[in-house]
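One structure is given below, encoded as structure tokens.
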Amino acid sequence: MGSEIATTEYSLKPKVRKKILAVFVSDCGGAEFARDKGIPVIFFPDVKDGSSLSVHKLVTALRSYKVDFILLAGFLKLIPAKLIQAYPRSILNIHPSLLPAFGGKGYYGMTVHKAVIASGARYSGPMIHYVDEEYDRGCILGPRTVPVLANDTTEELARRVLHEGVNVANSEVGIIL
């Protein structure tokens with residue numbers, strides 16, 4: 001998740017970037033990046049040292065930062081229903097494929113890109129959608145397409161999808177904010 005945070009934070013338009021109030025992540029390199037940038041970090045749902053928050057405490061912490069909108073990038077866990085209920089139609093996810101293809105539990109990161117290439121799909125791309133109680137099933141707001149080239153590696157496809165993911169975040173999140 002560190003690369004998603006770094007790429008997204010550096011590439012977001014000022015209107016979107018200035019709205020970043022808090023980042024909640026599983027323990028990863030993105031937390032250090034966020035701290036270095038002065039972005040508050042809340043660990044959820046589990047951290048090895050036991051400092052994780054319950055859903056209730058997470059909602060309380062997010063409200064204390066006056067967070068009214070959450071953008072997920074590289075978050076691999078199912079979002080608890082209580083968090084979704086606390087933030088209805090206020091949580092967005094950037095998924096690295098054109099849903100519903102290559103979505104759902106287990107489809108994340110390089111797994112998605114590998115499956116796209118193996119399927120023979122001619123196009124892929126990031127898609128931003130509202131988060132609901134199921135993996136990758138919420139209302140879709142904005143797809144972006146990138147071609148799958150004949151000799152693509154998973155890394156090359158992932159790089160193009162990540163680039164377009166920032167574009168979709170700027171356009172769709174910028175409209176919402």
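By convention here, the chains of the structure tokens are called A, B, ... in the order presented, each chain's residues are numbered starting at 1, and ligands are numbered starting at 1 in the order presented.
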Need the shell around His129 (chain A): protein/DNA/RNA residues with any atom at most 10 Å away, counting only C-alpha atoms. Skip same-chain ones fewer than 2 positions apart. Format as a VMD selection string?
chain A and resid 71 to 72 89 91 to 95 99 126 to 127 131 to 132 136 to 143 172
Taking the DSSP secondary structure from the backbone, can you list the residues of region 24-123 of chain A that are strand (DSSP E), as a PyMOL selection string?
chain A and resi 24-25+41-43+70-73+91-95+123
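If only C-alpha atoms are the atoms counted, then among A:Tyr65, A:Ala86, A:Ser171, A:Pro96 the closest residue to Leu157 (chain A) is A:Pro96.
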For Tyr108 (chain A), the nearest of the candidates A:Tyr123, A:Ala73, A:Val67, A:Tyr87, counting only C-alpha atoms
A:Ala73
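Among the candidates A:Ala101, A:Leu83, A:Ile70, A:Val148, the one nearest to Arg122 (chain A) when counting only C-alpha atoms is A:Val148.
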Residues within 7 Å of Ser124 (chain A), please, as a VMD selection string. Count only C-alpha atoms; anything in the same chain fewer than 6 positions from it doesn't count.
chain A and resid 97 to 98 145 to 148
Extract, using only C-alpha atoms, all DNA, RNA and protein residues at most 12 Å from Gly120 (chain A), discarding same-chain residues fewer than 6 positions from it, and format them as a PyMOL selection string.
chain A and resi 113-114+147-152
Residues as selected, N, CA and C atoms, written as a short mmCIF file (atom, residue, chain, number, x, y, z; two decimals), in the first residue's frame, can you do that?
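That gives us part22.cif:
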data_model
loop_
_atom_site.label_atom_id
_atom_site.label_comp_id
_atom_site.auth_asym_id
_atom_site.auth_seq_id
_atom_site.Cartn_x
_atom_site.Cartn_y
_atom_site.Cartn_z
N HIS A 113 -3.78 -8.18 -12.02
CA HIS A 113 -3.11 -7.95 -13.30
C HIS A 113 -2.70 -9.27 -13.95
N LYS A 114 -2.25 -10.20 -13.15
CA LYS A 114 -1.89 -11.52 -13.66
C LYS A 114 -3.11 -12.22 -14.26
N PRO A 147 -5.06 -0.25 -22.43
CA PRO A 147 -4.95 -1.47 -23.24
C PRO A 147 -4.06 -2.49 -22.55
N VAL A 148 -4.38 -3.75 -22.78
CA VAL A 148 -3.50 -4.83 -22.36
C VAL A 148 -2.69 -5.17 -23.61
N LEU A 149 -1.40 -4.93 -23.55
CA LEU A 149 -0.55 -5.12 -24.71
C LEU A 149 -0.10 -6.57 -24.83
N ALA A 150 0.21 -7.00 -26.04
CA ALA A 150 0.54 -8.40 -26.31
C ALA A 150 1.67 -8.94 -25.46
N ASN A 151 2.67 -8.14 -25.19
CA ASN A 151 3.82 -8.61 -24.42
C ASN A 151 3.88 -8.04 -23.01
N ASP A 152 2.74 -7.60 -22.48
CA ASP A 152 2.71 -7.00 -21.15
C ASP A 152 3.17 -7.97 -20.07
#
For region 104-106 of chain A, find every residue with an atom within 9 Å (counting only C-alpha atoms), except residues of its own chain fewer than 6 positions away, and show them as an MDAnalysis selection string.
chainID A and resid 76:78 112 134:137
Limited to N, CA, C and O atoms, could you put the picked residues into a file as a PDB file, in the first residue's frame?
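Resulting contents of again-v9.pdb:
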ATOM      1  N   LEU A  76      -6.978  -4.112   1.629  1.00  0.00           N
ATOM      2  CA  LEU A  76      -7.305  -5.462   1.172  1.00  0.00           C
ATOM      3  C   LEU A  76      -8.366  -6.175   1.988  1.00  0.00           C
ATOM      4  O   LEU A  76      -8.730  -7.294   1.662  1.00  0.00           O
ATOM      5  N   LYS A  77      -8.852  -5.575   3.029  1.00  0.00           N
ATOM      6  CA  LYS A  77      -9.810  -6.248   3.897  1.00  0.00           C
ATOM      7  C   LYS A  77     -11.236  -5.784   3.591  1.00  0.00           C
ATOM      8  O   LYS A  77     -11.445  -4.702   3.071  1.00  0.00           O
ATOM      9  N   LEU A  78     -12.192  -6.646   3.936  1.00  0.00           N
ATOM     10  CA  LEU A  78     -13.591  -6.277   3.795  1.00  0.00           C
ATOM     11  C   LEU A  78     -13.910  -5.216   4.843  1.00  0.00           C
ATOM     12  O   LEU A  78     -13.578  -5.365   6.021  1.00  0.00           O
ATOM     13  N   VAL A 112      -4.672  -9.395  -9.600  1.00  0.00           N
ATOM     14  CA  VAL A 112      -5.615  -8.889 -10.598  1.00  0.00           C
ATOM     15  C   VAL A 112      -4.943  -8.796 -11.961  1.00  0.00           C
ATOM     16  O   VAL A 112      -5.470  -9.295 -12.965  1.00  0.00           O
ATOM     17  N   GLU A 134     -20.050  -5.902   0.476  1.00  0.00           N
ATOM     18  CA  GLU A 134     -19.412  -6.977  -0.272  1.00  0.00           C
ATOM     19  C   GLU A 134     -18.179  -6.430  -0.991  1.00  0.00           C
ATOM     20  O   GLU A 134     -18.109  -5.248  -1.306  1.00  0.00           O
ATOM     21  N   TYR A 135     -17.242  -7.312  -1.287  1.00  0.00           N
ATOM     22  CA  TYR A 135     -16.054  -6.900  -2.036  1.00  0.00           C
ATOM     23  C   TYR A 135     -16.444  -6.429  -3.441  1.00  0.00           C
ATOM     24  O   TYR A 135     -17.119  -7.147  -4.177  1.00  0.00           O
ATOM     25  N   ASP A 136     -16.046  -5.216  -3.790  1.00  0.00           N
ATOM     26  CA  ASP A 136     -16.089  -4.715  -5.168  1.00  0.00           C
ATOM     27  C   ASP A 136     -17.467  -4.776  -5.819  1.00  0.00           C
ATOM     28  O   ASP A 136     -17.588  -5.015  -7.016  1.00  0.00           O
ATOM     29  N   ARG A 137     -18.522  -4.549  -5.055  1.00  0.00           N
ATOM     30  CA  ARG A 137     -19.876  -4.618  -5.608  1.00  0.00           C
ATOM     31  C   ARG A 137     -20.624  -3.301  -5.553  1.00  0.00           C
ATOM     32  O   ARG A 137     -21.728  -3.209  -6.058  1.00  0.00           O
TER      33      ARG A 137
END
Could you tell me which of A:Ala115, A:Thr154, A:Tyr107, A:Ala169 comes closest to Ile128 (chain A) if we count only C-alpha atoms?
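Closest candidate: A:Ala169.
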